[in-house]
>>> print(open('input_37.cif').read())   # mmCIF, C-alpha atoms
data_upload
#
loop_
_atom_site.label_atom_id
_atom_site.label_comp_id
_atom_site.auth_asym_id
_atom_site.auth_seq_id
_atom_site.Cartn_x
_atom_site.Cartn_y
_atom_site.Cartn_z
CA MET A 1 -1.20 -3.07 -21.26
CA THR A 2 -1.05 -2.08 -17.58
CA VAL A 3 2.15 -2.13 -15.59
CA GLU A 4 2.77 -1.38 -11.92
CA VAL A 5 5.32 1.38 -11.49
CA ALA A 6 6.94 2.16 -8.14
CA VAL A 7 9.38 5.05 -7.83
CA THR A 8 10.80 7.17 -5.06
CA VAL A 9 9.74 10.74 -5.71
CA ASN A 10 11.28 13.46 -3.59
CA GLY A 11 12.09 10.86 -0.95
CA GLN A 12 8.64 9.24 -0.86
CA LEU A 13 7.88 5.83 -2.30
CA ARG A 14 4.98 6.20 -4.73
CA SER A 15 3.35 3.69 -7.02
CA ALA A 16 0.50 3.39 -9.49
CA GLY A 17 -0.73 1.00 -12.15
CA VAL A 18 -0.45 2.70 -15.53
CA ASP A 19 -0.49 2.01 -19.25
CA ALA A 20 2.96 0.99 -20.51
CA ARG A 21 2.78 3.95 -22.86
CA ARG A 22 2.42 6.44 -19.99
CA THR A 23 5.27 8.94 -20.10
CA LEU A 24 7.08 9.77 -16.88
CA ALA A 25 5.81 13.34 -17.19
CA ASP A 26 2.18 12.24 -17.33
CA PHE A 27 2.79 9.72 -14.57
CA LEU A 28 4.07 12.46 -12.28
CA ARG A 29 1.31 14.88 -13.17
CA HIS A 30 -1.75 12.69 -13.60
CA ASP A 31 -1.09 9.61 -11.52
CA LEU A 32 0.87 11.16 -8.66
CA GLY A 33 -0.68 14.63 -8.77
CA LEU A 34 2.70 16.36 -8.93
CA THR A 35 1.82 19.10 -11.36
CA GLY A 36 4.92 21.16 -10.70
CA THR A 37 6.60 19.44 -13.63
CA HIS A 38 5.39 21.24 -16.75
CA LEU A 39 4.89 19.66 -20.12
CA GLY A 40 5.54 21.84 -23.15
CA CYS A 41 6.48 20.34 -26.49
CA GLU A 42 6.19 16.65 -25.62
CA HIS A 43 9.04 15.73 -27.93
CA GLY A 44 12.16 16.63 -26.03
CA VAL A 45 12.89 20.09 -27.39
CA CYS A 46 11.70 22.62 -24.82
CA GLY A 47 13.14 21.18 -21.60
CA SER A 48 10.17 22.24 -19.42
CA CYS A 49 9.57 18.71 -18.17
CA THR A 50 13.16 18.13 -17.00
CA VAL A 51 13.41 16.16 -13.75
CA LEU A 52 16.28 14.37 -12.05
CA VAL A 53 16.35 10.59 -12.38
CA ASP A 54 18.86 9.11 -9.95
CA GLY A 55 20.38 12.58 -9.82
CA ALA A 56 20.80 13.01 -13.58
CA SER A 57 18.63 15.43 -15.55
CA ALA A 58 16.22 13.83 -17.99
CA ARG A 59 13.30 14.90 -20.13
CA SER A 60 10.32 13.28 -18.45
CA CYS A 61 8.41 13.42 -21.76
CA LEU A 62 11.11 11.23 -23.31
CA MET A 63 10.89 8.49 -20.70
CA LEU A 64 8.18 6.00 -20.08
CA ALA A 65 7.09 5.80 -16.47
CA VAL A 66 7.92 2.11 -16.54
CA GLN A 67 11.53 2.92 -17.45
CA ALA A 68 11.80 4.91 -14.26
CA ALA A 69 10.62 2.05 -12.05
CA GLY A 70 12.96 1.63 -9.09
CA THR A 71 14.69 4.99 -9.56
CA GLU A 72 14.82 8.05 -7.34
CA ILE A 73 13.21 11.05 -8.93
CA THR A 74 13.50 14.65 -7.88
CA THR A 75 10.98 17.19 -9.14
CA ILE A 76 10.54 20.90 -8.53
CA GLU A 77 8.39 19.99 -5.52
CA GLY A 78 11.44 18.40 -3.93
CA LEU A 79 13.72 21.44 -3.91
CA ALA A 80 12.52 23.34 -0.85
CA VAL A 81 14.15 22.30 2.43
CA ASP A 82 11.74 22.03 5.39
CA GLY A 83 9.35 24.42 3.69
CA GLU A 84 12.07 27.03 3.09
CA LEU A 85 13.27 27.99 -0.38
CA ASN A 86 16.67 26.55 -1.17
CA HIS A 87 19.52 28.77 -2.39
CA LEU A 88 18.67 28.32 -6.04
CA GLN A 89 15.00 29.11 -5.49
CA GLN A 90 15.90 32.11 -3.35
CA ALA A 91 18.38 33.47 -5.89
CA MET A 92 15.92 33.04 -8.75
CA GLY A 93 13.19 34.76 -6.82
CA ASP A 94 15.41 37.64 -5.72
CA GLY A 95 16.68 38.20 -9.27
CA HIS A 96 13.31 37.90 -11.02
CA GLY A 97 14.70 34.93 -12.89
CA PHE A 98 11.31 34.01 -14.24
CA GLN A 99 8.34 35.70 -15.78
CA CYS A 100 5.41 33.52 -16.82
CA GLY A 101 6.91 30.53 -15.01
CA PHE A 102 6.07 27.84 -17.51
CA CYS A 103 9.67 26.89 -18.20
CA THR A 104 10.68 27.38 -14.56
CA PRO A 105 10.62 23.78 -13.28
CA GLY A 106 12.80 22.59 -16.14
CA PHE A 107 15.34 25.35 -15.60
CA MET A 108 15.40 24.73 -11.87
CA MET A 109 16.09 21.02 -12.23
CA THR A 110 18.72 21.59 -14.91
CA ALA A 111 20.42 24.21 -12.73
CA THR A 112 20.24 21.90 -9.72
CA GLU A 113 22.24 19.28 -11.59
CA LEU A 114 24.71 21.88 -12.85
CA LEU A 115 25.41 23.35 -9.41
CA ARG A 116 25.83 19.96 -7.84
CA GLU A 117 28.40 18.91 -10.44
CA ASN A 118 30.06 22.29 -10.82
CA PRO A 119 29.44 24.52 -7.76
CA ARG A 120 31.17 27.58 -9.28
CA PRO A 121 30.27 27.58 -12.97
CA SER A 122 31.38 30.33 -15.32
CA GLU A 123 28.73 32.25 -17.21
CA ALA A 124 29.62 30.28 -20.35
CA GLN A 125 29.17 27.01 -18.46
CA VAL A 126 25.78 28.13 -17.20
CA ARG A 127 24.69 29.00 -20.72
CA GLU A 128 25.93 25.67 -22.02
CA ALA A 129 24.12 23.80 -19.23
CA ILE A 130 20.78 25.48 -19.89
CA SER A 131 21.09 25.35 -23.67
CA GLY A 132 18.46 22.63 -23.77
CA ASN A 133 15.84 24.68 -21.95
CA VAL A 134 13.67 27.15 -23.80
CA CYS A 135 12.30 30.34 -22.22
CA ARG A 136 10.15 32.65 -24.30
CA CYS A 137 9.89 35.50 -21.78
CA THR A 138 13.15 36.48 -20.17
CA GLY A 139 15.76 36.46 -22.90
CA TYR A 140 17.71 34.26 -20.46
CA GLU A 141 19.79 37.05 -18.89
CA SER A 142 17.96 36.97 -15.56
CA ILE A 143 18.04 33.19 -15.49
CA VAL A 144 21.80 33.10 -16.03
CA ASP A 145 22.24 35.79 -13.38
CA GLY A 146 20.06 33.85 -10.97
CA ILE A 147 22.04 30.65 -11.36
CA LEU A 148 25.32 32.51 -10.88
CA ARG A 149 23.87 34.21 -7.80
CA ALA A 150 22.75 30.83 -6.46
CA ALA A 151 26.32 29.57 -6.80
CA GLU A 152 27.47 32.50 -4.64
CA LEU A 153 24.76 31.83 -2.03
CA ILE A 154 25.72 28.18 -1.84
CA ASP A 155 29.36 29.22 -1.35
CA GLU A 156 28.49 31.53 1.54
CA MET B 157 0.87 14.03 -28.34
CA LYS B 158 1.07 10.76 -26.44
CA PRO B 159 2.59 7.44 -27.52
CA PRO B 160 0.27 4.92 -29.19
CA LEU B 161 -0.67 1.68 -27.44
CA PHE B 162 1.92 -1.07 -27.54
CA ASP B 163 2.90 -4.21 -25.68
CA TYR B 164 5.86 -3.57 -23.45
CA ARG B 165 8.62 -6.10 -22.94
CA CYS B 166 11.54 -5.56 -20.64
CA PRO B 167 14.10 -8.38 -20.96
CA SER B 168 16.68 -8.67 -18.21
CA SER B 169 19.30 -10.46 -20.29
CA LEU B 170 20.63 -10.19 -23.81
CA ASP B 171 19.47 -13.72 -24.66
CA GLU B 172 15.96 -12.83 -23.62
CA ALA B 173 16.11 -9.64 -25.69
CA LEU B 174 17.32 -11.53 -28.76
CA ALA B 175 14.54 -14.08 -28.40
CA LEU B 176 11.97 -11.28 -28.30
CA ARG B 177 13.53 -9.56 -31.28
CA SER B 178 13.49 -12.84 -33.17
CA GLU B 179 9.84 -13.45 -32.26
CA TYR B 180 8.53 -9.99 -33.14
CA ALA B 181 11.08 -8.71 -35.71
CA TYR B 182 9.39 -6.05 -37.85
CA ASP B 183 6.47 -5.69 -35.43
CA SER B 184 8.81 -4.54 -32.67
CA VAL B 185 10.97 -1.54 -32.02
CA VAL B 186 13.91 -1.45 -29.64
CA LEU B 187 14.01 1.16 -26.91
CA ALA B 188 17.57 2.06 -25.96
CA GLY B 189 17.89 5.56 -24.47
CA GLY B 190 14.69 6.74 -26.11
CA GLN B 191 15.91 10.18 -27.08
CA SER B 192 14.96 9.60 -30.73
CA LEU B 193 12.37 6.85 -30.37
CA MET B 194 10.29 8.59 -27.70
CA PRO B 195 9.73 11.71 -29.84
CA MET B 196 8.80 9.41 -32.72
CA LEU B 197 6.30 7.61 -30.48
CA ASN B 198 4.92 10.86 -29.08
CA LEU B 199 4.47 12.20 -32.60
CA ARG B 200 3.14 8.79 -33.67
CA LEU B 201 5.70 8.48 -36.40
CA ALA B 202 6.39 5.06 -34.88
CA ARG B 203 3.51 2.67 -34.10
CA PRO B 204 5.06 -0.59 -32.97
CA GLU B 205 3.03 -3.55 -31.75
CA VAL B 206 5.75 -4.44 -29.29
CA LEU B 207 8.31 -2.26 -27.62
CA ILE B 208 11.44 -4.04 -26.38
CA ASP B 209 13.14 -2.02 -23.66
CA LEU B 210 16.86 -2.79 -23.33
CA GLY B 211 17.17 -0.63 -20.23
CA ARG B 212 17.54 -3.57 -17.86
CA VAL B 213 20.09 -5.49 -19.93
CA ALA B 214 23.05 -4.54 -17.76
CA GLU B 215 25.58 -6.52 -19.79
CA LEU B 216 25.24 -4.06 -22.70
CA ALA B 217 26.19 -0.94 -20.73
CA GLU B 218 29.91 -1.46 -20.24
CA ILE B 219 32.80 0.58 -21.60
CA THR B 220 35.92 -1.55 -21.54
CA GLU B 221 39.47 -1.90 -22.82
CA LEU B 222 39.73 -4.06 -25.94
CA ASP B 223 43.08 -5.10 -27.47
CA GLY B 224 44.52 -1.62 -27.20
CA GLY B 225 41.26 -0.10 -28.42
CA VAL B 226 37.97 0.37 -26.64
CA SER B 227 34.65 -1.44 -26.57
CA LEU B 228 31.45 0.46 -25.96
CA GLY B 229 28.41 -1.59 -25.07
CA ALA B 230 25.44 -0.50 -27.14
CA MET B 231 23.57 0.62 -24.02
CA ALA B 232 26.44 2.70 -22.63
CA ARG B 233 24.99 6.14 -21.97
CA GLN B 234 26.44 8.95 -24.04
CA ARG B 235 27.16 10.82 -20.83
CA SER B 236 29.25 7.88 -19.56
CA ALA B 237 31.22 7.85 -22.79
CA GLU B 238 31.68 11.60 -22.50
CA ARG B 239 33.22 11.16 -19.06
CA SER B 240 35.20 7.98 -19.65
CA ASP B 241 38.96 8.30 -19.12
CA LEU B 242 39.50 5.31 -21.37
CA ILE B 243 37.69 7.00 -24.24
CA ARG B 244 39.45 10.31 -23.59
CA GLU B 245 42.75 8.48 -23.96
CA ARG B 246 41.97 6.17 -26.86
CA ALA B 247 39.18 7.74 -28.89
CA PRO B 248 38.93 11.45 -28.06
CA LEU B 249 36.93 12.01 -31.26
CA VAL B 250 34.00 10.31 -29.55
CA GLN B 251 34.04 12.96 -26.82
CA GLN B 252 34.68 15.80 -29.26
CA ALA B 253 31.53 14.72 -31.09
CA LEU B 254 29.40 14.04 -28.03
CA GLY B 255 29.66 17.68 -26.98
CA HIS B 256 27.47 18.43 -29.98
CA VAL B 257 24.86 15.75 -29.26
CA GLY B 258 21.69 17.35 -27.95
CA HIS B 259 22.10 18.67 -24.41
CA PRO B 260 23.30 17.17 -21.11
CA ALA B 261 19.80 15.92 -20.26
CA ILE B 262 19.62 14.17 -23.63
CA ARG B 263 23.08 12.62 -23.23
CA ASN B 264 22.22 11.41 -19.72
CA ARG B 265 19.63 9.12 -21.30
CA GLY B 266 20.85 8.69 -24.87
CA THR B 267 22.98 5.66 -25.64
CA VAL B 268 25.91 5.10 -27.96
CA GLY B 269 24.31 2.14 -29.69
CA GLY B 270 20.93 3.82 -29.94
CA SER B 271 22.38 6.71 -31.90
CA VAL B 272 24.38 4.43 -34.17
CA ALA B 273 21.47 2.06 -34.85
CA HIS B 274 19.03 4.93 -35.41
CA SER B 275 21.38 6.02 -38.21
CA ASP B 276 20.17 9.56 -38.64
CA PRO B 277 22.34 11.16 -41.33
CA ALA B 278 22.64 14.30 -39.20
CA ALA B 279 23.85 12.35 -36.16
CA GLU B 280 27.40 12.65 -34.92
CA LEU B 281 28.27 9.17 -33.64
CA PRO B 282 27.69 7.28 -36.91
CA ALA B 283 30.19 9.60 -38.62
CA VAL B 284 32.65 9.10 -35.78
CA CYS B 285 32.36 5.32 -36.18
CA VAL B 286 33.16 5.60 -39.89
CA ALA B 287 36.10 7.94 -39.26
CA LEU B 288 37.64 5.59 -36.69
CA ASP B 289 37.01 2.33 -38.63
CA ALA B 290 34.80 1.10 -35.81
CA GLU B 291 33.47 -2.43 -35.94
CA LEU B 292 29.81 -2.78 -35.11
CA VAL B 293 28.83 -6.04 -33.52
CA ALA B 294 25.40 -7.38 -34.41
CA ARG B 295 23.90 -10.31 -32.60
CA GLY B 296 20.86 -12.45 -33.31
CA VAL B 297 19.66 -15.75 -31.90
CA ALA B 298 21.71 -17.50 -34.61
CA GLY B 299 24.95 -15.82 -33.63
CA GLU B 300 27.14 -12.80 -33.92
CA ARG B 301 28.71 -10.94 -36.81
CA THR B 302 30.82 -7.84 -37.20
CA ILE B 303 29.91 -5.07 -39.61
CA ALA B 304 32.41 -2.41 -40.65
CA ALA B 305 31.06 1.01 -39.71
CA GLU B 306 31.35 2.08 -43.31
CA ASP B 307 29.00 -0.72 -44.41
CA PHE B 308 26.50 -0.24 -41.58
CA ALA B 309 24.23 2.42 -43.07
CA VAL B 310 22.63 1.20 -46.29
CA GLY B 311 20.13 4.00 -46.87
CA PHE B 312 18.28 6.81 -45.16
CA MET B 313 17.95 5.73 -41.52
CA THR B 314 18.34 2.14 -42.68
CA THR B 315 21.11 -0.16 -41.51
CA ALA B 316 22.59 -3.53 -42.36
CA LEU B 317 21.02 -4.97 -39.19
CA ALA B 318 18.57 -7.79 -39.87
CA PRO B 319 15.14 -7.37 -38.22
CA ASP B 320 15.98 -10.07 -35.67
CA GLU B 321 19.40 -8.63 -34.82
CA LEU B 322 20.50 -6.14 -32.20
CA LEU B 323 23.50 -3.88 -32.29
CA VAL B 324 25.29 -4.95 -29.12
CA GLU B 325 28.71 -3.34 -29.22
CA VAL B 326 30.80 -0.66 -30.90
CA ARG B 327 34.48 -1.61 -31.12
CA ILE B 328 37.03 1.09 -31.78
CA PRO B 329 40.26 -0.54 -32.90
CA ALA B 330 43.70 0.17 -31.45
CA ALA B 331 44.75 1.69 -34.78
CA ALA B 332 42.35 4.58 -34.13
CA THR B 333 44.55 5.77 -31.27
CA ALA B 334 47.06 6.97 -33.90
CA PHE B 335 44.64 9.59 -35.17
CA ARG B 336 44.65 13.27 -34.34
CA THR B 337 41.04 14.28 -34.48
CA ALA B 338 38.46 17.05 -34.40
CA PHE B 339 34.71 17.31 -34.73
CA ILE B 340 33.02 20.50 -35.85
CA GLU B 341 29.47 21.23 -36.89
CA ILE B 342 27.23 24.13 -37.73
CA ALA B 343 23.72 24.13 -36.28
CA ARG B 344 21.11 26.87 -36.08
CA ARG B 345 21.17 26.53 -32.31
CA HIS B 346 23.64 24.60 -30.18
CA GLY B 347 22.34 21.07 -29.72
CA ASP B 348 20.02 21.13 -32.71
CA PHE B 349 20.46 18.78 -35.60
CA ALA B 350 23.43 20.14 -37.48
CA LEU B 351 23.15 21.49 -41.01
CA VAL B 352 26.64 20.14 -41.69
CA GLY B 353 29.21 18.49 -39.48
CA VAL B 354 32.59 16.87 -40.03
CA ALA B 355 34.60 14.27 -38.17
CA ALA B 356 38.24 14.72 -39.13
CA ALA B 357 40.96 12.21 -38.32
CA ILE B 358 44.54 12.32 -39.57
CA ALA B 359 47.61 10.26 -38.81
CA LEU B 360 51.17 11.44 -39.31
CA ASP B 361 54.26 9.41 -40.17
CA ARG B 362 57.65 9.86 -38.50
CA ASP B 363 58.52 12.76 -40.76
CA GLY B 364 55.34 14.56 -39.82
CA LEU B 365 53.65 13.86 -43.14
CA ILE B 366 50.01 12.77 -43.29
CA ASN B 367 49.74 9.06 -44.04
CA ASP B 368 46.07 8.55 -43.28
CA ALA B 369 43.16 10.98 -43.43
CA ARG B 370 39.43 10.73 -42.83
CA LEU B 371 36.86 13.40 -43.51
CA VAL B 372 33.39 12.13 -42.70
CA PHE B 373 30.43 14.46 -43.03
CA THR B 374 27.00 14.56 -41.43
CA GLY B 375 23.97 16.27 -42.90
CA VAL B 376 25.13 16.09 -46.52
CA GLY B 377 23.60 12.80 -47.64
CA LEU B 378 21.47 9.84 -46.68
CA MET B 379 24.20 8.52 -44.37
CA PRO B 380 27.67 9.55 -43.21
CA VAL B 381 29.64 10.61 -46.29
CA ARG B 382 33.42 10.36 -46.72
CA ALA B 383 35.11 12.92 -48.92
CA ARG B 384 37.59 10.55 -50.50
CA GLU B 385 39.20 12.88 -53.02
CA ALA B 386 39.88 15.40 -50.30
CA GLU B 387 41.26 12.68 -48.02
CA ALA B 388 43.60 11.43 -50.75
CA SER B 389 44.84 14.95 -51.46
CA LEU B 390 46.14 15.25 -47.91
CA LEU B 391 48.33 12.15 -48.04
CA GLY B 392 52.04 12.88 -48.14
CA THR B 393 51.55 16.55 -47.26
CA SER B 394 52.50 18.19 -44.01
CA GLY B 395 49.01 19.58 -43.59
CA ASP B 396 50.23 23.07 -44.44
CA ALA B 397 47.85 25.85 -45.37
CA ALA B 398 48.03 25.03 -49.08
CA ALA B 399 47.17 21.37 -48.47
CA LEU B 400 44.23 22.30 -46.28
CA ALA B 401 42.95 24.76 -48.85
CA THR B 402 43.18 22.07 -51.54
CA ALA B 403 41.30 19.59 -49.36
CA ALA B 404 38.62 22.14 -48.53
CA GLY B 405 38.18 22.94 -52.21
CA LEU B 406 37.85 19.27 -53.10
CA VAL B 407 35.23 18.77 -50.38
CA THR B 408 33.18 21.60 -51.82
CA GLY B 409 33.45 19.96 -55.22
CA GLU B 410 32.76 16.34 -54.34
CA LEU B 411 29.91 16.57 -51.83
CA GLN B 412 26.42 16.81 -53.22
CA PRO B 413 24.14 17.74 -50.32
CA ARG B 414 20.47 18.25 -50.98
CA THR B 415 18.48 21.37 -50.46
CA ASP B 416 15.85 21.18 -47.74
CA ALA B 417 13.85 23.53 -45.55
CA HIS B 418 16.85 24.21 -43.32
CA ALA B 419 19.54 25.07 -45.85
CA SER B 420 20.28 24.90 -49.55
CA GLY B 421 22.62 22.29 -50.95
CA ASP B 422 25.02 25.00 -52.11
CA TYR B 423 25.15 26.52 -48.65
CA ARG B 424 25.91 23.14 -47.15
CA ARG B 425 28.70 22.50 -49.69
CA ARG B 426 30.27 25.80 -48.93
CA VAL B 427 30.03 25.30 -45.16
CA ALA B 428 31.48 21.79 -45.53
CA GLY B 429 34.57 23.27 -47.16
CA VAL B 430 35.02 25.84 -44.42
CA LEU B 431 34.50 23.23 -41.70
CA THR B 432 37.05 20.97 -43.40
CA ARG B 433 39.78 23.55 -43.07
CA ARG B 434 38.85 24.41 -39.49
CA ALA B 435 38.62 20.80 -38.41
CA LEU B 436 41.98 19.93 -39.96
CA VAL B 437 43.64 22.90 -38.28
CA GLU B 438 42.20 21.80 -34.96
CA ALA B 439 43.20 18.18 -35.50
CA MET B 440 46.78 19.16 -36.40
CA ALA B 441 47.15 21.49 -33.43
#
>>> encode(input="input_37.cif", output="structure tokens")
Amino acid sequence: MTVEVAVTVNGQLRSAGVDARRTLADFLRHDLGLTGTHLGCEHGVCGSCTVLVDGASARSCLMLAVQAAGTEITTIEGLAVDGELNHLQQAMGDGHGFQCGFCTPGFMMTATELLRENPRPSEAQVREAISGNVCRCTGYESIVDGILRAAELIDE
Amino acid sequence: MKPPLFDYRCPSSLDEALALRSEYAYDSVVLAGGQSLMPMLNLRLARPEVLIDLGRVAELAEITELDGGVSLGAMARQRSAERSDLIRERAPLVQQALGHVGHPAIRNRGTVGGSVAHSDPAAELPAVCVALDAELVARGVAGERTIAAEDFAVGFMTTALAPDELLVEVRIPAAATAFRTAFIEIARRHGDFALVGVAAAIALDRDGLINDARLVFTGVGLMPVRAREAEASLLGTSGDAAALATAAGLVTGELQPRTDAHASGDYRRRVAGVLTRRALVEAMA
């Protein structure tokens, strides 16, 4: 069963006709060519595919594309400002917040939501916020440091 | 994996949704927030012919005042409930429990009614509903009926809802505002399904003695389980250390959790006793 799905992704109106069973993650990657969103476990555990739907973080593997119709979606591709890294990206890069990079887009979108809602989080709040994102390389220390550093950069 | 093929229906009103549910009944599944159903579809544990998406039924998403209590529309997002001043004031146990539900990204999508209707014995909200004497409103094309939270689960992930009914509302009565409450659980990792959890609610009389007590456990049976002997033992006490120790001991005796891959039944019983004491201390504080 094919449905027409139109969403605003990173400020651009995009649409495609897809199977009703198409997940939002596959819609972004396969139909829109936005492969920055990574797909790990495909059942909502790893957090890699996290995107913002109307500003709120969501697992794109646990949403059908058709559910997202009419929403505004932000993906990792939408973080840079005029081709320049934003504060979060800069802080993560400076602090070696990531190693293999597979989990990166999910962490970045989760942290984006956190910093918007709570611009000066404590370390405990950062750890709570990213508790639903799995990283198998870093041990999380550099990711937590990076998010805290980003909060400082945003403040300055 | 990817979801199997299905026909997708997206009603824009409750009446339309009920008509679809009536037409397709057992051949359909209802998509609320999707945080349990989508994994089941992706893993192909669910293979519905028709998927009915309630996401556009706006009338089900409200959280409102109700006769001194609070009404949660079945499609109210868990995150909305977590941030609702009304719920903070009248049913703080809901928010105490929601902190343990998945992660923020899950609660952004997950719904109150979805969790209750899914009726996973490890889930927090069904236990909260039992502890607070919530009334669950079921509606079908023929009309509406109210089911006491305690009678809602009838077996493992099976509820009293008829196949043509939808859970439309969770009503928390005014009487629940009298409770002092706490929710505690033990999980391998924060946000995982808990091995054991407890929703504790106690009410005190004018002399500071306990005149109502609820201890409702998750993860120890096929549905939320009340520890009635332990509850009864608390009545008339001041909730002093001896009373809490007695209640914790009774919990360990009366619960009969099963052993599974995640923990043995004995471990769960022991943890349930410890959580009982901790939850009661927190509720009394």
>>> atom_distance(input="input_37.cif", atom1="atom CA of Pro282 of chain B", atom2="atom CA of Gly55 of chain A")
28.6 Å
>>> residues_around(input="input_37.cif", residues="Gly266 of chain B", least_positions_apart="5", cutoff="7 Å", atoms="all atoms listed in the file", output="PyMOL selection string")
chain B and resi 189-191+233-234
>>> resolve_selection(input="input_37.cif", expression="the PyMOL selection byres ((chain B) within 10 of (chain A))", output="JSON, numbers by chain")
{"B": [157, 158, 159, 160, 161, 162, 163, 164, 165, 166, 187, 189, 190, 191, 192, 193, 194, 195, 196, 197, 198, 199, 207, 209, 210, 211, 212, 235, 258, 259, 260, 261, 262, 263, 264, 265, 266, 345, 346, 347, 348]}
>>> write_last_selection(input="input_37.cif", atoms="C-alpha atoms", output="short mmCIF file (atom, residue, chain, number, x, y, z; two decimals), in the frame of the given file")
data_model
loop_
_atom_site.label_atom_id
_atom_site.label_comp_id
_atom_site.auth_asym_id
_atom_site.auth_seq_id
_atom_site.Cartn_x
_atom_site.Cartn_y
_atom_site.Cartn_z
CA MET B 157 0.87 14.03 -28.34
CA LYS B 158 1.07 10.76 -26.44
CA PRO B 159 2.59 7.44 -27.52
CA PRO B 160 0.27 4.92 -29.19
CA LEU B 161 -0.67 1.68 -27.44
CA PHE B 162 1.92 -1.07 -27.54
CA ASP B 163 2.90 -4.21 -25.68
CA TYR B 164 5.86 -3.57 -23.45
CA ARG B 165 8.62 -6.10 -22.94
CA CYS B 166 11.54 -5.56 -20.64
CA LEU B 187 14.01 1.16 -26.91
CA GLY B 189 17.89 5.56 -24.47
CA GLY B 190 14.69 6.74 -26.11
CA GLN B 191 15.91 10.18 -27.08
CA SER B 192 14.96 9.60 -30.73
CA LEU B 193 12.37 6.85 -30.37
CA MET B 194 10.29 8.59 -27.70
CA PRO B 195 9.73 11.71 -29.84
CA MET B 196 8.80 9.41 -32.72
CA LEU B 197 6.30 7.61 -30.48
CA ASN B 198 4.92 10.86 -29.08
CA LEU B 199 4.47 12.20 -32.60
CA LEU B 207 8.31 -2.26 -27.62
CA ASP B 209 13.14 -2.02 -23.66
CA LEU B 210 16.86 -2.79 -23.33
CA GLY B 211 17.17 -0.63 -20.23
CA ARG B 212 17.54 -3.57 -17.86
CA ARG B 235 27.16 10.82 -20.83
CA GLY B 258 21.69 17.35 -27.95
CA HIS B 259 22.10 18.67 -24.41
CA PRO B 260 23.30 17.17 -21.11
CA ALA B 261 19.80 15.92 -20.26
CA ILE B 262 19.62 14.17 -23.63
CA ARG B 263 23.08 12.62 -23.23
CA ASN B 264 22.22 11.41 -19.72
CA ARG B 265 19.63 9.12 -21.30
CA GLY B 266 20.85 8.69 -24.87
CA ARG B 345 21.17 26.53 -32.31
CA HIS B 346 23.64 24.60 -30.18
CA GLY B 347 22.34 21.07 -29.72
CA ASP B 348 20.02 21.13 -32.71
#
>>> atom_distance(input="input_37.cif", atom1="atom CA of Ile366 of chain B", atom2="atom CA of Leu391 of chain B")
5.1 Å
>>> atom_distance(input="input_37.cif", atom1="atom CA of Ile243 of chain B", atom2="atom CA of Ser169 of chain B")
25.7 Å
>>> resolve_selection(input="input_37.cif", expression="the PyMOL selection byres ((chain B and resi 300) around 12)", output="list in words")
Leu174, Leu292, Val293, Ala294, Arg295, Gly296, Val297, Ala298, Gly299, Arg301, Thr302, Ile303, Leu317, Ala318, Asp320, Glu321, Leu322, Leu323, Val324 and Glu325 of chain B
>>> write_last_selection(input="input_37.cif", atoms="C-alpha atoms", output="mmCIF file, keeping the file's coordinate frame")
data_model
loop_
_atom_site.group_PDB
_atom_site.id
_atom_site.type_symbol
_atom_site.label_atom_id
_atom_site.label_comp_id
_atom_site.auth_asym_id
_atom_site.auth_seq_id
_atom_site.Cartn_x
_atom_site.Cartn_y
_atom_site.Cartn_z
ATOM 1 C CA LEU B 174 17.320 -11.530 -28.760
ATOM 2 C CA LEU B 292 29.810 -2.780 -35.110
ATOM 3 C CA VAL B 293 28.830 -6.040 -33.520
ATOM 4 C CA ALA B 294 25.400 -7.380 -34.410
ATOM 5 C CA ARG B 295 23.900 -10.310 -32.600
ATOM 6 C CA GLY B 296 20.860 -12.450 -33.310
ATOM 7 C CA VAL B 297 19.660 -15.750 -31.900
ATOM 8 C CA ALA B 298 21.710 -17.500 -34.610
ATOM 9 C CA GLY B 299 24.950 -15.820 -33.630
ATOM 10 C CA ARG B 301 28.710 -10.940 -36.810
ATOM 11 C CA THR B 302 30.820 -7.840 -37.200
ATOM 12 C CA ILE B 303 29.910 -5.070 -39.610
ATOM 13 C CA LEU B 317 21.020 -4.970 -39.190
ATOM 14 C CA ALA B 318 18.570 -7.790 -39.870
ATOM 15 C CA ASP B 320 15.980 -10.070 -35.670
ATOM 16 C CA GLU B 321 19.400 -8.630 -34.820
ATOM 17 C CA LEU B 322 20.500 -6.140 -32.200
ATOM 18 C CA LEU B 323 23.500 -3.880 -32.290
ATOM 19 C CA VAL B 324 25.290 -4.950 -29.120
ATOM 20 C CA GLU B 325 28.710 -3.340 -29.220
#
>>> closest_residue(input="input_37.cif", among="B:Ala331, B:Leu411, B:Leu228, B:Leu201", to="Leu378 of chain B", atoms="only C-alpha atoms")
B:Leu411
>>> residues_around(input="input_37.cif", residues="Thr315 of chain B", least_positions_apart="3", cutoff="10 Å", atoms="all atoms listed in the file", output="compact mmCIF listing (two decimals) with C-alpha atoms, keeping the file's coordinate frame")
# COMPACT_ATOMS: atom_id res chain seq x y z
CA VAL B 272 24.38 4.43 -34.17
CA ALA B 273 21.47 2.06 -34.85
CA HIS B 274 19.03 4.93 -35.41
CA SER B 275 21.38 6.02 -38.21
CA ASP B 307 29.00 -0.72 -44.41
CA PHE B 308 26.50 -0.24 -41.58
CA ALA B 309 24.23 2.42 -43.07
CA VAL B 310 22.63 1.20 -46.29
CA GLY B 311 20.13 4.00 -46.87
CA PHE B 312 18.28 6.81 -45.16
CA ALA B 318 18.57 -7.79 -39.87
CA PRO B 319 15.14 -7.37 -38.22
CA MET B 379 24.20 8.52 -44.37
